[in-house]
Amino acid sequence: MTSDVDESTVVLGIETSCDETAAAVVIGGREVASSVVSSQIELHAAFGGVVPEIAGRAHEQTLVPAVAQALLEAGIEDDEVDAIAATVGPGLIGSLLIGVSAAKALAVAWDVPFVGVNHLEGHLHAAFLEDPSVELPLVVLLVSGGHTMLVHMEELGRYRLLGSTVDDAAGEAFDKVARYLDLGYPGGPVIDRLAMDGDPAAIQFPRAMLDDGHDFSFSGLKTAVINHVRKHPLTSTPDLAASFQEAVVDVLVTKARRAAAEMGAKGLALAGGVAANSSLRERMLDACHEDGLRAFLPSRSMCTDNAAMIAAAGWWRLGHDGPTGIDAGADPSLKLQFIL
Ligand code: KG4
Ligand code: ZN
């Protein structure tokens with residue numbers, strides 16, 4: 001850690017990788033002084049998914065107000081900000097560029113360092129923001145709209161990829177199934193709600209690759225739902241939602257607890273938007289209890305995209321690697337660096 005990054009360092013975080021415009025102030029990488037998230041869901045809902053062009057334009061309009069609100073809520077003046085962190089990838093290029101350009105402009109205007117953050121590393125940091133007792137090493141199940149990964153977090157910055165999806169991400173499966181059933185976008189929260197009134201055992205959907213290493217596959221499950229509806233058009237939607245969700249959660253929980261056992265981890269953490277799922281949270285808690293593991297389940301708002309996690313990861317990166325060059329760009333397919 002460089003000498004000028006410590007527990008009092010104030011980082012303004014900016015997140016615009018997809019359809020949330022977010023700004024947050026985090027002090028010392030842990031204390032969330034404010035976290036503002038302006039969702040664009042209503043703008044995209046009519047199209048059944050995120051429209052990149054609309055997302056970019058909306059970020060342009062809402063980012064400055066979001067930053068102003070984050071500073072106001074935190075009670076922080078411009079000249080008290082020590083560094084600015086922004087998501088540089090992965091994500092939609094037009095959206096990323098809005099956040100990165102704004103962050104660099106503010107860094108130059110306020111004469112403070114800019115630090116580029118990998119969105120996935122942001123998600124990995126989320127658990128630390130709400131529970132100071134999080135201890136490493138830890139197995140993290142990172143499940144979002146674009147990614148599904150099991151990561152062994154040996155220490156901050158040292159991540160081992162244990163497994164990932166070979167096709168659709170878990171959130172993508174929720175979104176695609178919801179779209180097919182005409183339930184709206186994003187699909188995860190709607191299916192989560194509907195499933196509460198359905199029978200998870202009504203339909204036995206496939207659990208792909210359940211006993212097969214740490215990788216995942218969800219595209220066959222999506223097809224199985226579609227085939228079932230074609231053959232049985234009168235199936236109740238809550239039963240479909242509950243049975244689909246049960247299949248996803250079964251696979252996620254089985255693989256996460258197996259990975260924790262194999263790695264000898266002391267705890268399991270959830271991260272990413274799908275970690276907001278009620279059934280996944282409940283089942284993960286039960287599994288951890290049975291296996292004697294500590295469970296770290298960030299609140300729903302910390303699981304879905306936010307800028308506090310970006311500020312936290314930015315604070316750590318700044319201390320570890322120093323500032324990012326002001327000439328750095330955004331990378332829509334940025335990869336997280338894993339150890340072998
Ligand atoms: O992490 P996130 O906010 O954005 C990405 O980086 O992708 O995750 C969004 C994903 C979407 O696919 C959404 O349907 C899913 O998370 N999601 C959920 C729930 N809330 C959001 N999936 C299942 N159950 C939920 N309650
Ligand atoms: Zn995300």
# chains A, B, ... in the order shown; residues from 1 in each chain; ligands from 1
$ residues_around --residues "Glu20 of chain A" --least-positions-apart "5" --cutoff "9 Å" --atoms "only C-alpha atoms" --output "list in words"
Glu15, Val37, Ser38, Ser39, Gln40, Ile41, Ala55, His59, Asp305 and Asn306 of chain A
$ residues_around --residues "Asp211 of chain A" --least-positions-apart "5" --cutoff "10 Å" --atoms "only C-alpha atoms" --output "ChimeraX atom specification"
/A:251,254-255,258
$ residues_around --residues "Gly89 of chain A" --least-positions-apart "6" --cutoff "10 Å" --atoms "only C-alpha atoms" --output "list in words"
Glu15, Thr16, Ser17, Cys18, Ser95, Leu96, Leu97, Val100, Gly116, Val117, Asn118, His119, Leu120, Gly329, Ala330, Asp331, Pro332, Ser333, Leu334, Lys335 and Leu336 of chain A
$ select_by_dssp --residues "segment 85-321 of chain A" --states "alpha helix (DSSP H)" --output "PyMOL selection string"
chain A and resi 93-110+119-130+170-180+187-195+219-231+237-263+278-291+300-303+308-321
$ residues_near_ligand --ligand "ligand 2" --cutoff "12 Å" --atoms "only C-alpha atoms and all ligand atoms" --output "PyMOL selection string"
chain A and resi 15-22+87+89-92+118-126+142-148+169+171-172+271-276+301-307+309-310
$ closest_atom_pairs --of "segment 278-326 of chain A" --to "segment 176-188 of chain A" --cutoff "12 Å" --atoms "only C-alpha atoms" --output "JSON lines"
{"residue": "A:Ser278", "atom": "CA", "partner": "A:Gly188", "partner_atom": "CA", "distance": 10.2}
{"residue": "A:Ser279", "atom": "CA", "partner": "A:Gly188", "partner_atom": "CA", "distance": 11.4}
{"residue": "A:Leu280", "atom": "CA", "partner": "A:Gly188", "partner_atom": "CA", "distance": 11.5}
{"residue": "A:Thr304", "atom": "CA", "partner": "A:Gly188", "partner_atom": "CA", "distance": 11.1}
$ write_last_selection --atoms "C-alpha atoms" --output "CSV table (one decimal), in the first residue's frame"
chain,number,residue,atom,x,y,z
A,278,SER,CA,-34.3,-15.0,-2.3
A,279,SER,CA,-34.0,-18.7,-2.8
A,280,LEU,CA,-30.3,-18.6,-3.6
A,304,THR,CA,-26.5,-5.5,-8.0
$ closest_residue --among "A:Phe114, A:Phe128, A:Phe205, A:Phe47" --to "Ala308 of chain A" --atoms "only C-alpha atoms"
A:Phe128
$ residues_around --residues "Ala68 of chain A" --least-positions-apart "2" --cutoff "12 Å" --atoms "only C-alpha atoms" --output "list in words"
Leu12, Ile14, Ala22, Ala23, Ala24, Val25, Ser34, Ser35, Val36, Thr62, Leu63, Val64, Pro65, Ala66, Ala70, Leu71, Leu72, Glu73, Ala74, Gly75, Ile76, Glu77, Asp78 and Leu106 of chain A
$ atom_distance --atom1 "atom CA of Asn277 of chain A" --atom2 "atom CA of Gln337 of chain A"
27.4 Å
$ closest_residue --among "A:Leu252, A:Ala107, A:Ala312, A:Val139" --to "Ala170 of chain A" --atoms "only C-alpha atoms"
A:Leu252
$ closest_residue --among "A:Gly13, A:Pro52, A:Gly28, A:Pro113" --to "Ile326 of chain A" --atoms "only C-alpha atoms"
A:Pro113
$ select_by_dssp --residues "segment 54-177 of chain A" --states "strand (DSSP E or B)" --output "PyMOL selection string"
chain A and resi 83-89+114-118+138-143+148-155+158-165
$ write_last_selection --atoms "C-alpha atoms" --output "mmCIF file, in the first residue's frame"
data_model
loop_
_atom_site.group_PDB
_atom_site.id
_atom_site.type_symbol
_atom_site.label_atom_id
_atom_site.label_comp_id
_atom_site.auth_asym_id
_atom_site.auth_seq_id
_atom_site.Cartn_x
_atom_site.Cartn_y
_atom_site.Cartn_z
ATOM 1 C CA ALA A 83 -9.195 9.952 -5.868
ATOM 2 C CA ILE A 84 -11.730 9.021 -8.524
ATOM 3 C CA ALA A 85 -12.392 5.405 -9.470
ATOM 4 C CA ALA A 86 -14.443 4.361 -12.489
ATOM 5 C CA THR A 87 -15.347 1.044 -14.104
ATOM 6 C CA VAL A 88 -13.210 0.614 -17.237
ATOM 7 C CA GLY A 89 -14.692 -2.768 -18.278
ATOM 8 C CA PHE A 114 -7.807 8.495 -11.521
ATOM 9 C CA VAL A 115 -8.041 4.749 -11.007
ATOM 10 C CA GLY A 116 -9.604 2.343 -13.516
ATOM 11 C CA VAL A 117 -11.494 -0.586 -11.980
ATOM 12 C CA ASN A 118 -12.501 -3.966 -13.391
ATOM 13 C CA LEU A 138 -12.881 -17.241 0.627
ATOM 14 C CA VAL A 139 -14.815 -18.881 -2.207
ATOM 15 C CA VAL A 140 -16.990 -16.329 -4.015
ATOM 16 C CA LEU A 141 -19.891 -17.264 -6.264
ATOM 17 C CA LEU A 142 -20.109 -14.326 -8.683
ATOM 18 C CA VAL A 143 -23.400 -14.520 -10.552
ATOM 19 C CA THR A 148 -21.107 -16.828 -13.643
ATOM 20 C CA MET A 149 -17.889 -17.710 -11.872
ATOM 21 C CA LEU A 150 -16.578 -19.527 -8.852
ATOM 22 C CA VAL A 151 -13.529 -17.659 -7.610
ATOM 23 C CA HIS A 152 -11.103 -18.581 -4.842
ATOM 24 C CA MET A 153 -10.066 -15.289 -3.297
ATOM 25 C CA GLU A 154 -6.756 -16.081 -1.619
ATOM 26 C CA GLU A 155 -6.118 -12.461 -0.764
ATOM 27 C CA ARG A 158 -5.046 -12.860 -5.851
ATOM 28 C CA TYR A 159 -8.000 -14.591 -7.458
ATOM 29 C CA ARG A 160 -8.093 -18.161 -8.727
ATOM 30 C CA LEU A 161 -10.809 -19.009 -11.236
ATOM 31 C CA LEU A 162 -12.264 -22.378 -10.235
ATOM 32 C CA GLY A 163 -15.044 -22.500 -12.800
ATOM 33 C CA SER A 164 -17.282 -20.426 -15.042
ATOM 34 C CA THR A 165 -20.209 -20.845 -17.395
#
$ closest_residue --among "A:Asn227, A:Ser217, A:Thr324, A:Ser133" --to "Phe296 of chain A" --atoms "only C-alpha atoms"
A:Ser133
$ atom_distance --atom1 "atom CA of Glu60 of chain A" --atom2 "atom CA of His44 of chain A"
15.6 Å
$ closest_residue --among "A:Ile339, A:Leu270, A:Ala265, A:Val229" --to "ligand 1" --atoms "only C-alpha atoms and all ligand atoms"
A:Leu270
